[in-house]
Amino acid sequence: MPHHPYEALYIHIPFCASKCHYCDFDSLPYRADDPYLTEYFEGLITQIRQLSKEGELTHIRTIYVGGGTPTHAGSKHLTSLLYALGVSMDLADVEELTIEANPESLTEPLVRDLWALGANRLSLGVQTFDDGLLTSIGRPHDGAQAVRALEAAQTRFTNVSMDLMCGLPGQTADGFEADVRQGVDAGVSHLSVYPLSLERGTRLYKQRRRFSFPDEDAQADMMESAERILEGAGLSRYEVASYARPGAESKHNSAYWQGVPYLGVGRSAVTMTQNDQRRMRVRDGAVEDDLDTAQMAAEDAMLAMRMTCGLSKERAARMEALLPDLPSVLQELAAEGLVQETDGAWRPTHRGWLFGNRLFGALLDLAS
Ligand code: SF4
């Protein structure tokens, strides 16, 4: 269908050193020298060259190479990929090019190669610095490797993000706070905090009775303590799970939350194509979502509530033609303390994020 230009590009690298016990993503353990990796990267590069010829890359402003563990594939494959991107589009116009990394495979020489070929942001999956917890969730690295990787990243990159998890089996409030403080001390510019989600079929799910998990209240307390420590250290919460120093907010992730059309390249990567009438999401050739204008507006209203900036009143007014119940639902959510009207926008409250299912569900239901 004729569509608005894609502005974000996601490239999926579905390989890891081993399978973490909580992981249900499309990623499999492979040796970095497995011939399948060469074949896979050649496929990515062919697709990128083709997309370039078709003119689909001319408006791309952010690129995210994620996984899996892109750094597990090593310098040879990643530098070919970045080189192919460099000849397929004008990287000078790309504001953010992130590579996802894991501590066990991010070395200083690799950091230098990625930087030299145009990457300007690294996102490290640390999860916790506690070796006992790392073992119990099956991470292939220890806390000391995470510290070294964060130091290596900062030999070139000023924009370094790290992920932490809360709600891990056996994790205490004090232990989690120590992780957050260590993240701040490591000097990162961006930090994401995710609660553990126990997914059916994962090894951790099967072994769940062997462990004691912090309950929902304890998890919520951990999210609150992260906010207190990070805000105190100058990292502002700009999205439900994301904190950044001023200017270091993730442009690529923000594109997802702002309904910007994106291209996904590689196995399991999702492409979102849209025009004024329709929004489609396609994964591996299968249509996953096909939204009309009202459903698009409801989704945009819901996504806006993930972010601190919320939904501007002008945008909400424009959405009313498609979603006549929007004003009354916003008033209802405000009465429940889940949103508030401040500085010309409807914004989520702390309570709104705690009861995200109610807040996000009420907005999505506007189009059903
Ligand atoms: S590193 Fe990430 S993608 Fe790979 S197995 Fe662990 S959680 Fe899954």
# chains A, B, ... in the order shown; residues from 1 in each chain; ligands from 1
$ residues_near_ligand --ligand "ligand 1" --cutoff "7 Å" --atoms "only C-alpha atoms and all ligand atoms" --output "PyMOL selection string"
chain A and resi 15-16+18-20+22-25+27-28+67-69+102+139
$ write_last_selection --atoms "C-alpha atoms" --output "PDB file, in the first residue's frame"
ATOM      1  CA  PHE A  15      21.828 -15.282  18.309  1.00  0.00           C
ATOM      2  CA  CYS A  16      23.078 -15.481  21.901  1.00  0.00           C
ATOM      3  CA  SER A  18      23.275 -19.264  25.706  1.00  0.00           C
ATOM      4  CA  LYS A  19      19.577 -19.104  26.517  1.00  0.00           C
ATOM      5  CA  CYS A  20      18.696 -17.111  29.646  1.00  0.00           C
ATOM      6  CA  TYR A  22      13.504 -16.303  31.615  1.00  0.00           C
ATOM      7  CA  CYS A  23      13.808 -15.585  27.895  1.00  0.00           C
ATOM      8  CA  ASP A  24      11.004 -16.173  25.416  1.00  0.00           C
ATOM      9  CA  PHE A  25      12.428 -13.989  22.626  1.00  0.00           C
ATOM     10  CA  SER A  27      17.024 -16.063  19.985  1.00  0.00           C
ATOM     11  CA  LEU A  28      19.044 -19.252  20.016  1.00  0.00           C
ATOM     12  CA  GLY A  67      18.500  -9.234  19.525  1.00  0.00           C
ATOM     13  CA  GLY A  68      19.324 -11.695  20.721  1.00  0.00           C
ATOM     14  CA  THR A  69      22.816 -10.468  21.387  1.00  0.00           C
ATOM     15  CA  ASN A 102      25.926  -8.168  26.412  1.00  0.00           C
ATOM     16  CA  ARG A 139      22.856 -15.082  32.388  1.00  0.00           C
TER      17      ARG A 139
END
$ closest_atom_pairs --of "region 116-137 of chain A" --to "region 212-220 of chain A" --cutoff "12 Å" --atoms "only C-alpha atoms" --output "CSV"
residue,atom,partner,partner_atom,distance
A:Leu133,CA,A:Phe213,CA,11.6
A:Ser136,CA,A:Ser212,CA,11.4
A:Ile137,CA,A:Phe213,CA,11.9
$ select_by_dssp --residues "region 180-237 of chain A" --states "helix (DSSP H, G or I)" --output "PyMOL selection string"
chain A and resi 180-185+203-206+208-210+216-232
$ residues_around --residues "region 153-157 of chain A" --least-positions-apart "6" --cutoff "8 Å" --atoms "only C-alpha atoms" --output "mmCIF file with N, CA and C atoms, in the first residue's frame"
data_model
loop_
_atom_site.group_PDB
_atom_site.id
_atom_site.type_symbol
_atom_site.label_atom_id
_atom_site.label_comp_id
_atom_site.auth_asym_id
_atom_site.auth_seq_id
_atom_site.Cartn_x
_atom_site.Cartn_y
_atom_site.Cartn_z
ATOM 1 N N LEU A 106 31.142 -7.847 24.865
ATOM 2 C CA LEU A 106 31.515 -6.474 24.490
ATOM 3 C C LEU A 106 32.958 -6.209 24.926
ATOM 4 N N GLU A 108 36.799 -4.085 24.254
ATOM 5 C CA GLU A 108 37.227 -2.738 23.850
ATOM 6 C C GLU A 108 37.495 -2.648 22.345
ATOM 7 N N VAL A 111 34.192 -2.303 20.683
ATOM 8 C CA VAL A 111 33.657 -0.955 20.916
ATOM 9 C C VAL A 111 34.252 0.021 19.895
ATOM 10 N N ARG A 112 35.564 -0.077 19.678
ATOM 11 C CA ARG A 112 36.228 0.850 18.736
ATOM 12 C C ARG A 112 35.703 0.644 17.316
ATOM 13 N N TRP A 115 32.103 2.029 16.935
ATOM 14 C CA TRP A 115 32.141 3.499 16.942
ATOM 15 C C TRP A 115 32.656 4.022 15.600
ATOM 16 N N ASN A 120 26.440 5.212 17.525
ATOM 17 C CA ASN A 120 26.654 6.287 18.507
ATOM 18 C C ASN A 120 25.973 6.018 19.844
ATOM 19 N N ARG A 121 25.464 4.778 20.006
ATOM 20 C CA ARG A 121 24.819 4.444 21.285
ATOM 21 C C ARG A 121 24.963 2.949 21.520
ATOM 22 N N LEU A 122 25.277 2.569 22.758
ATOM 23 C CA LEU A 122 25.327 1.146 23.123
ATOM 24 C C LEU A 122 24.303 0.894 24.209
#
$ closest_residue --among "A:Gly310, A:Pro2, A:Pro169, A:Gly234" --to "Pro348 (chain A)" --atoms "only C-alpha atoms"
A:Gly310
$ residues_around --residues "region 76-79 of chain A" --least-positions-apart "3" --cutoff "9 Å" --atoms "only C-alpha atoms" --output "PyMOL selection string"
chain A and resi 37-38+41-42+70-71+73+82-84+113-114+117
$ write_last_selection --atoms "C-alpha atoms" --output "CSV table (one decimal), in the first residue's frame"
chain,number,residue,atom,x,y,z
A,37,LEU,CA,25.6,-16.6,11.1
A,38,THR,CA,27.5,-15.8,7.9
A,41,PHE,CA,24.2,-11.6,7.9
A,42,GLU,CA,24.5,-12.0,4.1
A,70,PRO,CA,24.3,-8.6,18.4
A,71,THR,CA,27.7,-8.4,20.0
A,73,ALA,CA,28.1,-12.3,16.5
A,82,LEU,CA,27.4,-1.4,9.5
A,83,TYR,CA,29.5,-1.0,6.3
A,84,ALA,CA,26.5,-2.1,4.3
A,113,ASP,CA,35.0,-0.9,15.6
A,114,LEU,CA,31.4,-0.1,16.2
A,117,LEU,CA,31.6,2.6,11.6
$ atom_distance --atom1 "CA of Gly232 (chain A)" --atom2 "CA of Arg245 (chain A)"
11.3 Å
$ closest_atom_pairs --of "region 210-324 of chain A" --to "region 178-188 of chain A" --cutoff "8 Å" --atoms "only C-alpha atoms" --output "tab-separated table"
residue	atom	partner	partner_atom	distance
A:Ala226	CA	A:Val180	CA	6.4
A:Ile229	CA	A:Arg181	CA	7.1
A:Leu230	CA	A:Val184	CA	7.3
A:Ala233	CA	A:Val184	CA	7.1
$ residues_around --residues "Val339 (chain A)" --least-positions-apart "2" --cutoff "8 Å" --atoms "only C-alpha atoms" --output "list in words"
Leu330, Leu333, Ala334, Glu336, Gly337, Glu341, Trp346, Arg347, Pro348, Thr349 and Gly352 of chain A
$ residues_around --residues "Pro261 (chain A)" --least-positions-apart "4" --cutoff "7 Å" --atoms "only C-alpha atoms" --output "ChimeraX atom specification"
/A:5-8,272-274
$ closest_residue --among "A:Gly247, A:Ser52, A:Asp325, A:Ile11" --to "Val270 (chain A)" --atoms "only C-alpha atoms"
A:Ile11
$ select_by_dssp --residues "region 60-164 of chain A" --states "strand (DSSP E or B)" --output "list of chain:residue names"
A:Thr62, A:Ile63, A:Tyr64, A:Val65, A:Gly66, A:Gly67, A:Glu96, A:Leu97, A:Thr98, A:Ile99, A:Glu100, A:Ala101, A:Arg121, A:Leu122, A:Ser123, A:Leu124, A:Gly125, A:Val126, A:Gln127, A:Val160, A:Ser161, A:Met162, A:Asp163, A:Leu164
$ residues_around --residues "Ala321 (chain A)" --least-positions-apart "4" --cutoff "12 Å" --atoms "only C-alpha atoms" --output "VMD selection string"
chain A and resid 293 to 294 297 to 298 315 to 317 325 to 327 367
$ write_last_selection --atoms "N, CA and C atoms" --output "CSV table (one decimal), in the first residue's frame"
chain,number,residue,atom,x,y,z
A,293,THR,N,-8.6,3.9,11.2
A,293,THR,CA,-8.2,5.2,11.7
A,293,THR,C,-8.6,5.3,13.2
A,294,ALA,N,-9.7,4.8,13.6
A,294,ALA,CA,-10.1,4.9,15.0
A,294,ALA,C,-9.2,4.0,15.9
A,297,ALA,N,-5.9,5.8,16.3
A,297,ALA,CA,-6.0,6.9,17.3
A,297,ALA,C,-6.0,6.3,18.7
A,298,ALA,N,-6.7,5.2,18.9
A,298,ALA,CA,-6.8,4.7,20.3
A,298,ALA,C,-5.4,4.1,20.7
A,315,ARG,N,-3.7,17.3,20.5
A,315,ARG,CA,-3.8,16.0,19.8
A,315,ARG,C,-5.1,15.3,20.3
A,316,ALA,N,-5.4,15.4,21.6
A,316,ALA,CA,-6.6,14.7,22.1
A,316,ALA,C,-7.8,15.3,21.4
A,317,ALA,N,-7.8,16.7,21.2
A,317,ALA,CA,-8.9,17.3,20.5
A,317,ALA,C,-9.1,16.8,19.1
A,325,ASP,N,-15.7,9.1,22.7
A,325,ASP,CA,-15.7,8.9,24.1
A,325,ASP,C,-14.4,9.3,24.8
A,326,LEU,N,-13.4,9.8,24.0
A,326,LEU,CA,-12.1,10.0,24.6
A,326,LEU,C,-12.2,11.0,25.8
A,327,PRO,N,-12.9,12.2,25.6
A,327,PRO,CA,-12.9,13.2,26.8
A,327,PRO,C,-13.5,12.5,28.0
A,367,ALA,N,-11.7,2.1,20.8
A,367,ALA,CA,-12.0,1.8,19.4
A,367,ALA,C,-12.7,0.5,19.2
$ closest_residue --among "A:Glu320, A:Glu199, A:Glu104, A:Asp174" --to "Pro140 (chain A)" --atoms "only C-alpha atoms"
A:Glu104
$ closest_residue --among "A:Gly201, A:Arg237, A:Ala362, A:Ser368" --to "Gln331 (chain A)" --atoms "only C-alpha atoms"
A:Ala362
$ closest_residue --among "A:Glu95, A:Val65, A:Glu299, A:Ile48" --to "Pro14 (chain A)" --atoms "only C-alpha atoms"
A:Val65
